[in-house]
>>> print(open('input-v4.txt').read())   # compact mmCIF, C-alpha atoms (C1' of nucleotides)
# COMPACT_ATOMS: atom_id res chain seq x y z
CA MET J 10 2.00 11.06 -19.41
CA THR J 11 -0.01 7.89 -19.64
CA LEU J 12 -0.38 8.02 -15.88
CA LYS J 13 -3.44 10.23 -16.28
CA ARG J 14 -5.68 7.16 -16.16
CA SER J 15 -7.42 7.80 -19.45
CA TYR J 16 -11.15 7.52 -19.83
CA HIS J 17 -10.76 4.20 -21.55
CA HIS J 18 -8.80 2.55 -18.76
CA GLY J 19 -8.48 -0.88 -20.26
CA ASP J 20 -8.50 -2.47 -16.84
CA LEU J 21 -12.12 -1.59 -16.19
CA ARG J 22 -13.07 -5.21 -15.81
CA GLU J 23 -10.55 -5.75 -13.06
CA GLN J 24 -11.50 -2.53 -11.30
CA LEU J 25 -15.16 -3.52 -11.36
CA LEU J 26 -14.41 -6.95 -9.94
CA GLN J 27 -12.30 -5.55 -7.12
CA ARG J 28 -14.83 -2.92 -6.19
CA ALA J 29 -17.64 -5.46 -6.42
CA GLU J 30 -15.89 -7.79 -4.04
CA LEU J 31 -15.39 -4.93 -1.60
CA THR J 32 -19.07 -4.03 -1.71
CA LEU J 33 -20.00 -7.69 -1.41
CA ARG J 34 -17.87 -8.05 1.68
CA GLU J 35 -19.00 -4.85 3.36
CA SER J 36 -22.66 -4.67 2.39
CA GLY J 37 -23.83 -8.02 1.09
CA VAL J 38 -25.20 -9.17 -2.24
CA ASP J 39 -28.45 -7.25 -2.30
CA ARG J 40 -26.64 -3.97 -1.92
CA LEU J 41 -24.50 -4.82 -4.92
CA SER J 42 -25.76 -2.78 -7.85
CA LEU J 43 -24.24 -2.49 -11.30
CA ARG J 44 -25.14 1.17 -11.49
CA GLN J 45 -23.61 1.98 -8.13
CA LEU J 46 -20.55 -0.02 -9.08
CA ALA J 47 -20.14 2.01 -12.25
CA ARG J 48 -20.47 5.20 -10.22
CA ASP J 49 -17.88 4.00 -7.71
CA VAL J 50 -15.39 3.32 -10.46
CA GLY J 51 -16.18 6.52 -12.31
CA VAL J 52 -17.86 5.39 -15.50
CA THR J 53 -21.38 5.60 -16.83
CA HIS J 54 -23.94 3.07 -15.71
CA ASN J 55 -23.78 1.22 -18.97
CA ALA J 56 -20.01 0.90 -19.31
CA PRO J 57 -19.80 -2.38 -17.34
CA SER J 58 -21.98 -4.13 -19.90
CA ARG J 59 -18.96 -4.36 -22.21
CA HIS J 60 -17.27 -6.63 -19.69
CA PHE J 61 -20.26 -8.32 -18.09
CA ARG J 62 -23.27 -8.94 -20.26
CA ASP J 63 -25.37 -9.41 -17.18
CA LYS J 64 -25.44 -8.82 -13.49
CA GLN J 65 -25.36 -12.59 -13.27
CA ALA J 66 -22.17 -12.63 -15.34
CA LEU J 67 -20.56 -10.35 -12.78
CA LEU J 68 -21.67 -12.62 -9.94
CA ASP J 69 -20.33 -15.63 -11.82
CA ALA J 70 -16.98 -13.92 -12.27
CA LEU J 71 -16.91 -13.09 -8.56
CA ALA J 72 -17.66 -16.68 -7.60
CA GLN J 73 -15.01 -17.97 -9.97
CA SER J 74 -12.36 -15.63 -8.63
CA GLY J 75 -13.42 -16.77 -5.18
CA PHE J 76 -12.64 -20.38 -6.03
CA GLU J 77 -9.35 -19.33 -7.59
CA ARG J 78 -8.34 -17.44 -4.47
CA LEU J 79 -9.46 -20.24 -2.18
CA GLY J 80 -7.38 -22.66 -4.23
CA ALA J 81 -4.38 -20.35 -4.02
CA ASP J 82 -4.86 -20.01 -0.25
CA PHE J 83 -5.03 -23.79 -0.01
CA ARG J 84 -1.83 -24.21 -1.98
CA ALA J 85 -0.06 -21.61 0.13
CA THR J 86 -1.05 -23.55 3.23
CA ASP J 87 -0.20 -27.04 2.18
CA VAL J 88 3.09 -27.67 3.96
CA ASP J 89 4.62 -30.60 5.79
CA GLY J 90 3.74 -32.50 8.95
CA PRO J 91 1.41 -35.24 10.15
CA PHE J 92 -2.01 -35.61 8.53
CA ALA J 93 -4.05 -34.19 11.39
CA ASP J 94 -1.93 -31.05 11.53
CA ARG J 95 -2.18 -30.48 7.82
CA PHE J 96 -5.92 -31.05 7.85
CA ARG J 97 -6.17 -28.54 10.68
CA ARG J 98 -4.20 -25.96 8.76
CA LEU J 99 -6.27 -26.48 5.62
CA ALA J 100 -9.43 -26.09 7.66
CA ARG J 101 -8.16 -22.91 9.27
CA THR J 102 -7.39 -21.48 5.87
CA TYR J 103 -10.92 -22.29 4.76
CA LEU J 104 -12.44 -20.85 7.92
CA SER J 105 -10.44 -17.64 7.61
CA PHE J 106 -11.72 -17.33 4.08
CA ALA J 107 -15.27 -17.97 5.24
CA VAL J 108 -15.05 -15.39 8.01
CA ALA J 109 -13.47 -12.78 5.77
CA ASN J 110 -15.80 -13.35 2.82
CA PRO J 111 -19.09 -14.83 3.98
CA ALA J 112 -21.18 -13.33 1.19
CA LEU J 113 -18.67 -14.47 -1.42
CA LEU J 114 -18.69 -18.01 -0.07
CA THR J 115 -22.47 -18.02 -0.20
CA LEU J 116 -22.25 -16.91 -3.81
CA MET J 117 -19.76 -19.66 -4.61
CA PHE J 118 -22.12 -22.34 -3.34
CA ALA J 119 -25.32 -20.85 -4.63
CA ARG J 120 -25.94 -22.76 -7.86
CA LYS J 121 -26.14 -19.56 -9.79
CA HIS J 122 -23.33 -20.29 -12.20
CA SER J 123 -25.20 -19.81 -15.42
CA PRO J 124 -24.32 -22.60 -17.87
CA THR J 125 -22.41 -19.94 -19.80
CA ALA J 126 -19.63 -19.65 -17.26
CA GLY J 127 -19.27 -23.41 -17.11
CA ALA J 128 -15.78 -24.17 -18.34
CA GLU J 129 -13.58 -21.73 -16.44
CA MET J 130 -15.70 -22.00 -13.34
CA ALA J 131 -15.41 -25.77 -13.30
CA ALA J 132 -11.64 -25.51 -13.68
CA ALA J 133 -11.39 -23.12 -10.74
CA VAL J 134 -13.52 -25.42 -8.58
CA GLN J 135 -11.51 -28.44 -9.57
CA GLN J 136 -8.24 -26.67 -8.85
CA ALA J 137 -9.35 -25.72 -5.36
CA PHE J 138 -10.75 -29.07 -4.29
CA THR J 139 -7.82 -30.96 -5.71
CA VAL J 140 -5.79 -29.86 -2.71
CA PRO J 141 -7.55 -32.13 -0.20
CA ALA J 142 -6.95 -34.99 -2.64
CA LEU J 143 -3.23 -34.17 -2.75
CA LEU J 144 -3.16 -34.06 1.03
CA THR J 145 -4.80 -37.47 1.05
CA ALA J 146 -2.39 -39.00 -1.46
CA GLN J 147 0.64 -37.75 0.43
CA ALA J 148 -0.64 -39.05 3.74
CA GLN J 149 -1.27 -42.41 2.10
CA GLU J 150 2.30 -42.57 0.81
CA ARG J 151 3.51 -42.12 4.35
CA GLY J 152 1.18 -44.82 5.55
CA GLU J 153 -0.57 -42.37 7.82
CA ILE J 154 -4.09 -43.05 6.61
CA VAL J 155 -6.06 -45.86 4.99
CA ALA J 156 -5.74 -46.84 1.35
CA GLY J 157 -8.37 -45.94 -1.23
CA ASP J 158 -8.98 -43.61 -4.18
CA PRO J 159 -7.40 -40.31 -3.04
CA LEU J 160 -9.90 -38.30 -5.06
CA ARG J 161 -12.84 -39.87 -3.32
CA ILE J 162 -11.31 -39.65 0.11
CA GLY J 163 -10.23 -36.10 -0.68
CA MET J 164 -13.81 -35.18 -1.54
CA SER J 165 -15.06 -36.52 1.74
CA VAL J 166 -12.38 -34.44 3.45
CA ALA J 167 -13.62 -31.46 1.45
CA VAL J 168 -17.13 -32.21 2.69
CA SER J 169 -15.99 -31.71 6.26
CA LEU J 170 -14.20 -28.50 5.37
CA GLN J 171 -17.21 -27.09 3.57
CA GLY J 172 -19.56 -28.11 6.37
CA LEU J 173 -17.43 -26.26 8.89
CA ALA J 174 -17.12 -23.21 6.65
CA SER J 175 -20.86 -23.25 6.08
CA PHE J 176 -21.68 -23.07 9.76
CA VAL J 177 -19.11 -20.36 10.39
CA SER J 178 -19.91 -18.17 7.42
CA SER J 179 -23.62 -18.30 8.24
CA GLY J 180 -22.94 -17.18 11.78
CA LEU J 181 -24.71 -20.25 13.19
CA VAL J 182 -21.41 -21.07 14.86
CA THR J 183 -19.11 -18.35 16.20
CA PRO J 184 -15.47 -18.37 15.14
CA GLU J 185 -14.50 -19.33 18.69
CA ALA J 186 -16.89 -22.27 18.83
CA ALA J 187 -15.63 -23.22 15.40
CA GLU J 188 -12.23 -23.88 16.89
CA GLU J 189 -13.71 -26.54 19.17
CA LEU J 190 -15.84 -27.92 16.37
CA LEU J 191 -12.78 -28.21 14.18
CA GLU J 192 -10.91 -30.27 16.78
CA GLU J 193 -13.96 -32.45 17.29
CA THR J 194 -14.21 -33.01 13.55
CA ILE J 195 -10.53 -33.88 13.21
CA THR J 196 -10.78 -36.38 16.03
CA HIS J 197 -13.77 -38.23 14.64
CA LEU J 198 -12.64 -38.12 11.04
CA THR J 199 -9.26 -39.61 11.90
CA GLN J 200 -10.23 -41.99 14.70
CA GLY J 201 -13.72 -42.84 13.49
CA LEU J 202 -16.91 -42.93 15.52
CA PHE J 203 -16.78 -46.69 15.90
CA PRO J 204 -14.83 -47.73 18.99
CA ARG J 205 -11.23 -48.82 18.47
CA ASP J 206 -9.73 -51.87 20.12
CA THR J 207 -6.49 -50.22 21.08
CA MET Y 26 -70.93 -17.65 3.30
CA THR Y 27 -67.58 -17.00 4.91
CA LEU Y 28 -66.05 -19.09 2.16
CA LYS Y 29 -66.01 -16.05 -0.09
CA ARG Y 30 -62.43 -15.34 0.98
CA SER Y 31 -63.04 -11.79 2.16
CA TYR Y 32 -60.74 -8.97 1.23
CA HIS Y 33 -59.16 -9.07 4.65
CA HIS Y 34 -58.21 -12.73 4.54
CA GLY Y 35 -56.51 -12.97 7.87
CA ASP Y 36 -54.16 -15.61 6.59
CA LEU Y 37 -52.37 -13.26 4.27
CA ARG Y 38 -49.08 -13.86 6.04
CA GLU Y 39 -49.26 -17.58 5.44
CA GLN Y 40 -50.32 -17.14 1.83
CA LEU Y 41 -47.40 -14.82 1.20
CA LEU Y 42 -44.95 -17.24 2.74
CA GLN Y 43 -46.20 -20.16 0.71
CA ARG Y 44 -46.19 -18.25 -2.53
CA ALA Y 45 -42.75 -16.84 -1.74
CA GLU Y 46 -41.33 -20.28 -1.19
CA LEU Y 47 -42.78 -21.41 -4.49
CA THR Y 48 -41.20 -18.50 -6.33
CA LEU Y 49 -37.95 -19.08 -4.48
CA ARG Y 50 -37.88 -22.70 -5.55
CA GLU Y 51 -38.85 -22.09 -9.15
CA SER Y 52 -37.09 -18.84 -9.95
CA GLY Y 53 -34.47 -18.12 -7.31
CA VAL Y 54 -33.99 -15.29 -4.83
CA ASP Y 55 -33.36 -12.44 -7.21
CA ARG Y 56 -36.64 -13.04 -8.97
CA LEU Y 57 -38.45 -12.83 -5.64
CA SER Y 58 -40.15 -9.45 -5.46
CA LEU Y 59 -42.51 -8.18 -2.80
CA ARG Y 60 -44.61 -6.39 -5.36
CA GLN Y 61 -44.93 -9.42 -7.59
CA LEU Y 62 -45.74 -11.51 -4.54
CA ALA Y 63 -48.56 -9.18 -3.62
CA ARG Y 64 -49.88 -9.35 -7.17
CA ASP Y 65 -49.73 -13.16 -7.12
CA VAL Y 66 -51.77 -13.30 -3.95
CA GLY Y 67 -54.18 -10.62 -5.08
CA VAL Y 68 -53.49 -7.67 -2.80
CA THR Y 69 -51.93 -4.28 -3.32
CA HIS Y 70 -48.18 -3.94 -3.34
CA ASN Y 71 -48.13 -2.44 0.12
CA ALA Y 72 -50.35 -4.96 1.90
CA PRO Y 73 -47.48 -7.33 2.79
CA SER Y 74 -45.82 -4.63 4.87
CA ARG Y 75 -48.34 -5.30 7.64
CA HIS Y 76 -46.87 -8.78 8.03
CA PHE Y 77 -43.27 -8.19 6.98
CA ARG Y 78 -41.76 -4.83 7.76
CA ASP Y 79 -39.06 -5.51 5.25
CA LYS Y 80 -38.10 -7.70 2.36
CA GLN Y 81 -35.41 -8.96 4.70
CA ALA Y 82 -38.08 -9.88 7.26
CA LEU Y 83 -39.77 -12.03 4.64
CA LEU Y 84 -36.49 -13.74 3.82
CA ASP Y 85 -35.87 -14.31 7.53
CA ALA Y 86 -39.28 -15.89 7.91
CA LEU Y 87 -38.59 -18.12 4.92
CA ALA Y 88 -35.27 -19.25 6.35
CA GLN Y 89 -36.84 -19.92 9.73
CA SER Y 90 -39.65 -21.99 8.26
CA GLY Y 91 -36.94 -23.82 6.32
CA PHE Y 92 -35.19 -24.83 9.52
CA GLU Y 93 -38.50 -25.85 11.05
CA ARG Y 94 -39.34 -28.05 8.10
CA LEU Y 95 -35.88 -29.55 7.99
CA GLY Y 96 -36.19 -30.37 11.68
CA ALA Y 97 -39.58 -31.95 11.10
CA ASP Y 98 -38.18 -33.98 8.20
CA PHE Y 99 -35.33 -35.10 10.43
CA ARG Y 100 -37.70 -36.19 13.15
CA ALA Y 101 -39.88 -38.05 10.70
CA THR Y 102 -36.80 -39.94 9.53
CA ASP Y 103 -35.21 -40.86 12.78
CA VAL Y 104 -36.18 -44.51 13.23
CA ASP Y 105 -34.42 -47.61 14.49
CA GLY Y 106 -31.43 -49.56 13.27
CA PRO Y 107 -27.63 -49.50 13.42
CA PHE Y 108 -25.86 -46.15 13.51
CA ALA Y 109 -24.58 -46.15 9.93
CA ASP Y 110 -28.05 -46.85 8.55
CA ARG Y 111 -29.60 -44.09 10.57
CA PHE Y 112 -26.88 -41.65 9.60
CA ARG Y 113 -27.47 -42.60 5.98
CA ARG Y 114 -31.19 -42.00 6.28
CA LEU Y 115 -30.67 -38.65 7.97
CA ALA Y 116 -28.27 -37.64 5.22
CA ARG Y 117 -30.71 -38.70 2.52
CA THR Y 118 -33.40 -36.60 4.14
CA TYR Y 119 -31.07 -33.64 4.15
CA LEU Y 120 -30.01 -34.22 0.56
CA SER Y 121 -33.60 -34.51 -0.60
CA PHE Y 122 -34.30 -31.22 1.10
CA ALA Y 123 -31.25 -29.67 -0.54
CA VAL Y 124 -32.20 -30.90 -3.99
CA ALA Y 125 -35.81 -29.81 -3.63
CA ASN Y 126 -35.03 -26.41 -2.12
CA PRO Y 127 -31.56 -25.26 -3.12
CA ALA Y 128 -32.32 -21.55 -2.97
CA LEU Y 129 -33.99 -21.93 0.40
CA LEU Y 130 -31.02 -23.80 1.81
CA THR Y 131 -28.72 -21.06 0.55
CA LEU Y 132 -30.94 -18.55 2.32
CA MET Y 133 -30.81 -20.55 5.54
CA PHE Y 134 -27.02 -20.49 5.60
CA ALA Y 135 -26.57 -16.97 4.33
CA ARG Y 136 -25.97 -14.98 7.50
CA LYS Y 137 -28.78 -12.64 6.66
CA HIS Y 138 -30.86 -13.28 9.74
CA SER Y 139 -31.23 -9.72 10.89
CA PRO Y 140 -30.68 -9.51 14.67
CA THR Y 141 -34.42 -8.86 14.93
CA ALA Y 142 -35.41 -12.38 14.04
CA GLY Y 143 -32.93 -13.80 16.51
CA ALA Y 144 -34.99 -15.66 19.08
CA GLU Y 145 -37.38 -17.76 17.01
CA MET Y 146 -34.77 -18.38 14.36
CA ALA Y 147 -32.28 -19.67 16.90
CA ALA Y 148 -34.93 -21.99 18.33
CA ALA Y 149 -35.71 -23.41 14.90
CA VAL Y 150 -32.03 -23.98 14.19
CA GLN Y 151 -31.48 -25.62 17.55
CA GLN Y 152 -34.48 -27.87 17.08
CA ALA Y 153 -33.22 -29.09 13.73
CA PHE Y 154 -29.63 -29.77 14.69
CA THR Y 155 -30.59 -31.44 17.93
CA VAL Y 156 -31.56 -34.50 15.93
CA PRO Y 157 -27.99 -35.55 15.10
CA ALA Y 158 -27.21 -35.20 18.81
CA LEU Y 159 -30.11 -37.51 19.67
CA LEU Y 160 -28.90 -39.99 17.11
CA THR Y 161 -25.48 -39.82 18.74
CA ALA Y 162 -26.78 -40.31 22.27
CA GLN Y 163 -28.85 -43.33 21.28
CA ALA Y 164 -25.97 -44.94 19.44
CA GLN Y 165 -23.79 -44.40 22.49
CA GLU Y 166 -26.34 -46.11 24.75
CA ARG Y 167 -26.13 -49.15 22.53
CA GLY Y 168 -22.37 -49.04 22.65
CA GLU Y 169 -22.22 -48.60 18.90
CA ILE Y 170 -20.01 -45.53 18.90
CA VAL Y 171 -17.40 -43.89 21.10
CA ALA Y 172 -18.21 -42.01 24.30
CA GLY Y 173 -18.14 -38.21 24.49
CA ASP Y 174 -20.45 -35.22 24.73
CA PRO Y 175 -23.34 -36.13 22.38
CA LEU Y 176 -23.95 -32.49 21.53
CA ARG Y 177 -20.40 -31.99 20.33
CA ILE Y 178 -20.28 -35.26 18.45
CA GLY Y 179 -23.72 -34.47 17.05
CA MET Y 180 -22.48 -31.14 15.74
CA SER Y 181 -19.59 -32.79 13.98
CA VAL Y 182 -22.08 -35.21 12.44
CA ALA Y 183 -24.13 -32.17 11.39
CA VAL Y 184 -21.01 -30.72 9.79
CA SER Y 185 -20.78 -33.72 7.49
CA LEU Y 186 -24.45 -33.48 6.63
CA GLN Y 187 -24.24 -29.79 5.84
CA GLY Y 188 -21.08 -30.25 3.79
CA LEU Y 189 -22.80 -32.87 1.66
CA ALA Y 190 -25.92 -30.77 1.28
CA SER Y 191 -23.81 -27.78 0.34
CA PHE Y 192 -22.11 -29.55 -2.53
CA VAL Y 193 -25.36 -31.00 -3.78
CA SER Y 194 -27.48 -27.88 -3.52
CA SER Y 195 -24.80 -25.85 -5.30
CA GLY Y 196 -24.74 -28.31 -8.15
CA LEU Y 197 -21.00 -28.86 -7.74
CA VAL Y 198 -21.86 -32.51 -7.15
CA THR Y 199 -24.68 -34.23 -8.98
CA PRO Y 200 -27.31 -36.11 -6.96
CA GLU Y 201 -25.95 -39.39 -8.36
CA ALA Y 202 -22.36 -38.60 -7.40
CA ALA Y 203 -23.71 -37.52 -4.03
CA GLU Y 204 -24.82 -41.07 -3.37
CA GLU Y 205 -21.22 -42.27 -3.70
CA LEU Y 206 -19.92 -39.34 -1.69
CA LEU Y 207 -22.38 -40.15 1.05
CA GLU Y 208 -21.17 -43.74 1.33
CA GLU Y 209 -17.58 -42.55 1.32
CA THR Y 210 -18.36 -40.09 4.10
CA ILE Y 211 -20.13 -42.70 6.21
CA THR Y 212 -17.21 -45.08 5.86
CA HIS Y 213 -14.59 -42.59 6.93
CA LEU Y 214 -16.64 -41.00 9.67
CA THR Y 215 -17.35 -44.36 11.29
CA GLN Y 216 -14.08 -46.19 10.61
CA GLY Y 217 -11.79 -43.18 10.72
CA LEU Y 218 -9.04 -42.29 8.29
CA PHE Y 219 -6.35 -43.68 10.53
CA PRO Y 220 -5.70 -47.37 9.84
CA ARG Y 221 -7.34 -49.89 12.19
CA ASP Y 222 -5.52 -52.89 13.60
CA THR Y 223 -8.35 -55.33 12.99
C1' DA V 12 -56.70 -3.49 12.06
C1' DC V 13 -55.95 -3.97 7.46
C1' DC V 14 -55.77 -2.28 2.97
C1' DT V 15 -55.31 1.34 -0.88
C1' DG V 16 -53.05 4.65 -4.12
C1' DA V 17 -49.73 8.00 -5.07
C1' DA V 18 -44.97 9.37 -4.67
C1' DC V 19 -39.76 8.89 -4.36
C1' DA V 20 -35.43 7.31 -5.50
C1' DC V 21 -33.40 3.51 -7.37
C1' DC V 22 -32.61 -0.54 -10.27
C1' DG V 23 -31.26 -3.87 -14.74
C1' DT V 24 -31.42 -3.84 -19.52
C1' DT V 25 -31.67 -2.06 -24.17
C1' DC V 26 -30.55 1.03 -27.97
C1' DA V 27 -29.05 4.81 -30.87
C1' DA V 28 -25.36 7.78 -30.85
C1' DG V 29 -20.76 9.60 -30.18
C1' DT V 30 -15.36 9.30 -30.44
C1' DA W 12 -13.44 -0.88 -29.39
C1' DC W 13 -15.23 1.47 -25.72
C1' DC W 14 -18.15 4.76 -23.69
C1' DT W 15 -22.37 7.99 -23.31
C1' DG W 16 -27.26 9.44 -22.50
C1' DA W 17 -31.99 8.67 -22.91
C1' DA W 18 -35.74 5.45 -22.36
C1' DC W 19 -38.47 1.44 -20.42
C1' DA W 20 -40.45 -1.32 -17.08
C1' DC W 21 -39.70 -2.61 -12.60
C1' DC W 22 -38.37 -2.41 -7.77
C1' DG W 23 -38.45 -1.41 -2.12
C1' DT W 24 -40.08 1.83 1.01
C1' DT W 25 -42.84 5.57 2.87
C1' DC W 26 -47.03 8.15 3.80
C1' DA W 27 -51.67 10.07 3.82
C1' DA W 28 -56.03 8.30 3.19
C1' DG W 29 -59.91 5.13 3.21
C1' DT W 30 -63.14 1.44 5.51
>>> encode(input="input-v4.txt", output="structure tokens")
Amino acid sequence: MTLKRSYHHGDLREQLLQRAELTLRESGVDRLSLRQLARDVGVTHNAPSRHFRDKQALLDALAQSGFERLGADFRATDVDGPFADRFRRLARTYLSFAVANPALLTLMFARKHSPTAGAEMAAAVQQAFTVPALLTAQAQERGEIVAGDPLRIGMSVAVSLQGLASFVSSGLVTPEAAEELLEETITHLTQGLFPRDT
Amino acid sequence: MTLKRSYHHGDLREQLLQRAELTLRESGVDRLSLRQLARDVGVTHNAPSRHFRDKQALLDALAQSGFERLGADFRATDVDGPFADRFRRLARTYLSFAVANPALLTLMFARKHSPTAGAEMAAAVQQAFTVPALLTAQAQERGEIVAGDPLRIGMSVAVSLQGLASFVSSGLVTPEAAEELLEETITHLTQGLFPRDT
DNA sequence: ACCTGAACACCGTTCAAGT
DNA sequence: ACCTGAACACCGTTCAAGT
């Protein structure tokens, strides 16, 4: 009967992460306490230290899993169609993420990643923000958008996405107003602010 | 001899804010403690509560003063010249702010503004992000950029600025790489990603 | 009005000890 | 290996009291 969920679970790390993300979403960072987390999961206050040397290490792990999930969401979104439509879908994915996990997004962009977590964190970031570059490269192949290094153009696409997400997740722009702002951003990013002859 | 800095200073609120911003900049949010702050300024741990009912109220005040300063920096930057140059200067101002005050910028976009601080905070935000709209309106008058509601176009300019600042302040992009990213962003925002006939 | 000092419940981190 | 329990120094918040 190994179903009894023995005292040494073995998946404690995962349980802690899941519970932490729940608390983060529902109560914010400052209400996130290692001791409370341990209580929630049913272990002593010091048990988490086997898996996270630090509270910071837990926050790092949360941020990293955030980038991984954002990347996965991106990849699940990236389907066919004209550039503007695909940009719009990517942006909506990002905005949904931002609305659903504002505190997590803040954490992800909070320069807290202790140098320790460097390698895996960097990989997760790279993996997520590679998607806009792929989108760019594909649109270039079709002749939809201008030539140029797809990584650089992709980053400047990512800048727009992150700017939008930033305003939404902070609450400075409501999700409804974000819809308008998104269309406005698509228009200017594709057409340019300089007048066109045509 | 009123110079003796009496026990009831009268400017305690301002002293606390200044010291808090210093700590924020040098040690980050989680090292910011009300009690330590009181010690730094030379009052008892409970004295700050007269000026800030809450730790959250202090953070709100910090964020608000951040928006006010950013707005002032914007206004001090906004001089003459072609649109792209002025956009570049505005962006550099923002990026300098982001590099100098990463933790503060995180705070400003962290959806923590308790509903209490609503009115003044909203005014400070509005005042800051009005500047891109002014830039837009002036460029339109000169026929430099396309027509359209300057507030909406201004917001989508602000989106680019905030996206850039976000990447820089988080450390995901180094200040040097940011310079490149800024030029890339200016190019695409003005010319558009769609190919031009000329 | 503004500040003090004591009290309360909580926190992160460390360490010796158990199985 | 993984978890426990006690200990340490610190925290935010509240409240009666002082001037």
>>> residues_near_point(input="input-v4.txt", point="(-41.3, 6.9, 0.5)", cutoff="10 Å", atoms="only C-alpha atoms (C1' of nucleotides)", output="compact mmCIF listing (two decimals) with C-alpha atoms (C1' of nucleotides), in the coordinates of the input")
# COMPACT_ATOMS: atom_id res chain seq x y z
C1' DA V 18 -44.97 9.37 -4.67
C1' DC V 19 -39.76 8.89 -4.36
C1' DA V 20 -35.43 7.31 -5.50
C1' DG W 23 -38.45 -1.41 -2.12
C1' DT W 24 -40.08 1.83 1.01
C1' DT W 25 -42.84 5.57 2.87
C1' DC W 26 -47.03 8.15 3.80
>>> closest_atom_pairs(input="input-v4.txt", of="chain V", to="chain Y", cutoff="9 Å", atoms="all atoms listed in the file", output="CSV")
residue,atom,partner,partner_atom,distance
V:DC13,C1',Y:His33,CA,6.6
V:DC14,C1',Y:Ala72,CA,6.1
V:DT15,C1',Y:Thr69,CA,7.0
>>> write_last_selection(input="input-v4.txt", atoms="C-alpha atoms (C1' of nucleotides)", output="PDB file, keeping the file's coordinate frame")
ATOM      1  C1'  DC V  13     -55.950  -3.970   7.460  1.00  0.00           C
ATOM      2  C1'  DC V  14     -55.770  -2.280   2.970  1.00  0.00           C
ATOM      3  C1'  DT V  15     -55.310   1.340  -0.880  1.00  0.00           C
TER       4       DT V  15
END
>>> atom_distance(input="input-v4.txt", atom1="atom CA of Y:Glu169", atom2="atom CA of J:Pro204")
7.4 Å
>>> atom_distance(input="input-v4.txt", atom1="atom CA of Y:Asp55", atom2="atom CA of J:Leu46")
17.9 Å
>>> atom_distance(input="input-v4.txt", atom1="atom CA of J:Thr199", atom2="atom CA of Y:Gln187")
18.9 Å
>>> closest_atom_pairs(input="input-v4.txt", of="chain J", to="chain Y", cutoff="6 Å", atoms="all atoms listed in the file", output="tab-separated table")
residue	atom	partner	partner_atom	distance
J:Phe118	CA	Y:Ser195	CA	4.8
J:Ala119	CA	Y:Ser195	CA	5.1
J:Arg120	CA	Y:Ser195	CA	4.2
J:Ile154	CA	Y:Phe219	CA	4.6
J:Val155	CA	Y:Pro220	CA	5.1
J:Ser165	CA	Y:Thr210	CA	5.4
J:Val168	CA	Y:Gly188	CA	4.5
J:Ser169	CA	Y:Ser185	CA	5.3
J:Gln171	CA	Y:Gly188	CA	5.0
J:Gly172	CA	Y:Gly188	CA	3.7
J:Leu173	CA	Y:Val184	CA	5.8
J:Ser179	CA	Y:Arg136	CA	4.1
J:Gly180	CA	Y:Arg136	CA	5.7
J:Thr194	CA	Y:Ser181	CA	5.4
J:Leu198	CA	Y:Leu214	CA	5.1
J:Thr199	CA	Y:Leu218	CA	4.5
J:Gln200	CA	Y:Gly217	CA	4.4
J:Gly201	CA	Y:Gly217	CA	3.4
J:Leu202	CA	Y:Thr215	CA	4.5
J:Phe203	CA	Y:Ile170	CA	4.6
J:Pro204	CA	Y:Val171	CA	5.1
>>> residues_around(input="input-v4.txt", residues="J:Leu144", least_positions_apart="3", cutoff="12 Å", atoms="only C-alpha atoms (C1' of nucleotides)", output="VMD selection string")
chain J and resid 83 to 84 86 to 99 138 to 141 147 to 151 153 to 154 159 to 160 162 to 164 166 to 167
>>> axis_aligned_box(input="input-v4.txt", around="stretch 13-28 of chain V", padding_each_side="3 Å", output="JSON")
{"center_x": -40.7, "center_y": 2.7, "center_z": -11.7, "size_x": 36.6, "size_y": 19.3, "size_z": 44.3}
>>> decode(input="input-v4.txt", residues="stretch 28-35 of chain J", atoms="N, CA and C atoms", output="short mmCIF file (atom, residue, chain, number, x, y, z; two decimals), in the first residue's frame")
data_model
loop_
_atom_site.label_atom_id
_atom_site.label_comp_id
_atom_site.auth_asym_id
_atom_site.auth_seq_id
_atom_site.Cartn_x
_atom_site.Cartn_y
_atom_site.Cartn_z
N ARG J 28 2.33 24.55 -4.32
CA ARG J 28 1.64 25.30 -3.28
C ARG J 28 2.12 26.75 -3.24
N ALA J 29 3.40 26.94 -3.45
CA ALA J 29 3.98 28.29 -3.42
C ALA J 29 3.38 29.14 -4.53
N GLU J 30 3.22 28.53 -5.70
CA GLU J 30 2.67 29.30 -6.80
C GLU J 30 1.22 29.67 -6.54
N LEU J 31 0.51 28.77 -5.88
CA LEU J 31 -0.88 29.06 -5.51
C LEU J 31 -0.94 30.26 -4.56
N THR J 32 -0.13 30.19 -3.51
CA THR J 32 -0.09 31.29 -2.55
C THR J 32 0.32 32.59 -3.22
N LEU J 33 1.32 32.49 -4.08
CA LEU J 33 1.80 33.67 -4.80
C LEU J 33 0.65 34.30 -5.59
N ARG J 34 -0.10 33.46 -6.27
CA ARG J 34 -1.19 33.96 -7.10
C ARG J 34 -2.30 34.58 -6.25
N GLU J 35 -2.61 33.93 -5.14
CA GLU J 35 -3.79 34.35 -4.37
C GLU J 35 -3.49 35.41 -3.32
#
